[in-house]
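Q: After the structure tokens below, expect a handful of questions from me.
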Amino acid sequence: MREGSPKTIYRKEYAEPEFAISRVDLVVSIFDGYTLVSSTLHLNRRSGAGTSLVLDGEGLELEAIDIDGESLAADGFHYDGRQLTIPAVPDDFHLHTRVKICPESNSSLEGLYRSRTMYCTQCEAEGFRKITFFLDRPDVLAEFQVTVEADKAVCPVLLSNGNLQSTRDLEDGRHQSVWHDPWPKPCYLFALVAGDLECVSDSFVTASGRTVALHIYVEAKDQNYCGHAMDSLKRSMRWDEQVYGLEYDLDLFNIVAVDDFNMGAMENKSLNIFNTSCVLASPDITTDAGYLRIESIVAHEYFHNYSGNRVTCRDWFQLSLKEGFTVFRDAQFSADMNSAGVKRVEDVSFLRTHQFAEDAGPMAHPVRPDSFIEISNFYTLTVYEKGSEVVRMLHSLLGHEAFIRGAQHYFRTFDGQAVTCDDFVAAMEQVSGRDLTQFRRWYEQAGTPELAVEEQYDAQAQQLTLTVSQHNPDTPGQSDKPPLHLPLAVGMLIDGQPQAFDDGSMTRTLEVTEARQSFQIDGVKSRPVVSLLRGFSAPVRLKSAEDDATLEALISADEDDFVRWDAMQRYASRVIASRQQDQGLSPSFLSAFGSALDSDVDPAMKALLLTLPSEESLADLRAQTDKVDVHEIRAARERVKAVLGNHFEDRWRDIFDSCATGPYQPDGSQIGKRALGHLAFHYLCYAGGDALGTAQQMLAKADNLTDRLAALRAIVCFASASDRRVALESFYQRWQDEALVVNQWFTVQATRPAADAVEAVRALQQHPAFDWRNPNKLRALVGAFASANPVAFHRADGAGYELLGDAIERLQSANPQVAARLCAPLTRHARYADGAAEAMRRQLQRIAGLENLSRDVYEVVSRSLEQD
């Protein structure tokens, strides 16, 4: 481990920057093997600031520096490789610097780097300092003018933020383009792309009648894959006008697809840079889930134009101000475009499986963290997904109309500013007239609150009393937490039918504000079955004492999609736990499952209802009370699947046959049918019969990747080793030129639930299609193995942990961001049985002992080991 600990940054120590930067003029000249960046900053000293100027700049080769045209002597500045210090500067001046950088050797994929046929940038959170000197913090907003120069044959396309001002040819076959962004922005939103790209164009007419040019830039081989993303962009633009009253504010909007990218996408003002996996789509390279994901991510990055760009965050502790809010906005959009119930259940399932685990681990932190060593480690599910749930609770407490008015007031009041989560909540208070002081605790407290509900019914008074208790368990650095303000949405079933409250509503929202609190509901004519936490109205663990009959009633008759799904998940979890003692499936569970199987609901929702809890969610549930044995959980879950496959075999076969679709369309109807049909086929694989033959026929006849992967997974999981090898080799030979399909091919093999998948993954790391520099490949193979293959990852001899440790060691200096994220499965060692936990800790200790350990990995590993 490095000598001395990296510096911890605390939110309480925030201070305004001593200088403002009103304008930036950049000239970026790209050459083969190096790039020159000339920067002119117009700086102004703030009142009370000191005489010296300190700018961020990491790994830059400084070639020239002057102030107002006068070069600085060698003793007039100091650069230590991380910061440039000028001891004495005027109050108002222009600083010019020229630096040399090497994008071709930049493996971190931060700053300016080369990806295949293009140069591109990634500056969030602190990548701009790898391009030139700047006050690299989000509360320094400046107007940018950018000139990009490069060899015209190598880089015919030159892009940056804002509107295109001019283009011209230069000497020696070079050319330039000049871009101006009139909207002041922090440097993390700066973007530049230069490369050999094709452009797919369209346009959008705003509500006020302006025409906006829309462009998606891709490599030539991908230009036929942009239609879905373009349509998603236009739908997003129209939706934001209609729902939030927000109209796009420039003359053009550009998207660029990049194959080597650490994140999903980046909202740089008017020049969004996307991972190829999040923008390219066709039936042959994109699954149904991929189509929906692209629509959501395109919307998310577009919505950032206001919730993140026009109004940005004051400091990185406020990251959820833009990310949580925008995740909520893109979830609203996706719900409006597709099935709202399916979207909500999918989001909740992801949150409870993954974010709840984060809340229970060593990296637990509030939605607004109090401290960090490396900000890249806090692009977390807590900041994004739980942050979205916090905004959703505000929406529930205030109502839709008041919330939208509050959002519009927020955008108007803070346009062009860098603000805080408190400013956002204050805007909601000012419009609604509500006191949200207690609600702010959601931004301050880490952990997942536990909510217990007791029911008491008075038949004579026709009164239902619900007593609600809340408790937020201790998390690192936090204990004895005061109660939160949360909405608890409830409904009722009476005699197997949904029952309205006395005001005619089907759902009533109770505002829980105390550690223990009772609510009386009048006019309840007979004892009801209570439907709790409707719509998952708060991100809590619900502790309630439903018996099997209550769960069956909710599954059969509740109108709330989340409650029905949640009741089935809880019932199935209970049944799987009993199968760990090899007990049989109860007739009541088979009856409840059968009623869901026969229910008249959307096929996509039915598929969710009939999907058993994942092994990861079962492990999370077990970890609440005991140590986790993943092999025991898997065996029990497999036994339940086998019983359900055999017991309902005829109905599964009918469903499979009835869910065949015509020529592929990624619309809601077909997506739902395919999801249900594939689930039926999966259960049939457990019922015996000729599952292998069916899978081979599916693979041969499929006209889309979704069907192909369903068939390939079945062959890989259920067929003999020789049949598996034949299918995998044939699949690769056909699709080897499509990188996104090859990534899926890696994942299918990495997640094969068998102990020897460890050796298979090690072998695939030597495959010609695998690239250690490409984050998509790493996530598809190493990430999928560690996070989605518990059988192999938790192999008794520790070989799975060692595989992950080796990958982290190899990556931690080359790409610290990806390496730190790969650490997550090891950080949860405390939940597992002693032998597994100790083997996981040994890998963390090995990583901690590496020389020149990156800050990213150091923070994750050290916090995990401190948990001991």
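Letters A, B, ... mark the chains of the structure tokens in the order given; residue numbers begin at 1 per chain; ligand numbers begin at 1, in order shown.
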Could you name the residues that touch region 589-593 of chain A at 7 Å or less, counting only C-alpha atoms, but leaving out those on the same chain fewer than 5 positions away, as a ChimeraX atom specification?
A: /A:552,555-556
Q: Extract, using only C-alpha atoms, all DNA, RNA and protein residues at most 10 Å from Phe325 (chain A), discarding same-chain residues fewer than 6 positions from it, and format them as a list of chain:residue names.
A: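 My list of contacting residues is A:His300, A:Phe303, A:His304, A:Ser307, A:Gly308, A:Leu319, A:Ala331, A:Val383, A:Tyr384, A:Glu385, A:Gly387, A:Ser388, A:Glu389, A:Val390, A:Val391, A:Arg392, A:Ala407, A:Cys421, A:Phe424.
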Q: For the strand (DSSP E) assignment from backbone DSSP, which residues of region 51-140 of chain A qualify? Please present them as a PyMOL selection string.
A: chain A and resi 53-56+61-67+70-71+78-79+83-86+92-101+111-115+118-122
Q: Within 10 Å of region 836-846 of chain A, which residues of region 622-731 of chain A come that close, and what is the closest atom pair and distance in Å for each? Count only C-alpha atoms and give it as JSON lines.
A:
{"residue": "A:Lys627", "atom": "CA", "partner": "A:Ala837", "partner_atom": "CA", "distance": 9.7}
{"residue": "A:Val628", "atom": "CA", "partner": "A:Ala836", "partner_atom": "CA", "distance": 9.5}
{"residue": "A:Asp629", "atom": "CA", "partner": "A:Ala836", "partner_atom": "CA", "distance": 8.9}
Q: Please write the residues from the selection above to a file, keeping N, CA and C atoms, as a tab-separated table (two decimals), in the first residue's frame.
A:
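Result file result.tsv:
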chain	number	residue	atom	x	y	z
A	627	LYS	N	-25.38	-15.75	8.21
A	627	LYS	CA	-24.35	-15.77	7.19
A	627	LYS	C	-24.90	-16.44	5.92
A	628	VAL	N	-24.38	-16.02	4.79
A	628	VAL	CA	-24.90	-16.47	3.50
A	628	VAL	C	-24.09	-17.65	2.99
A	629	ASP	N	-24.79	-18.70	2.57
A	629	ASP	CA	-24.18	-19.81	1.83
A	629	ASP	C	-24.80	-19.83	0.45
Q: List the neighbours of region 45-61 of chain A out to 10 Å using only C-alpha atoms; skip same-chain residues closer than 4 positions along the sequence, and give me the result as a ChimeraX atom specification.
A: /A:16-21,36-37,77-93,98-102,111,126-137
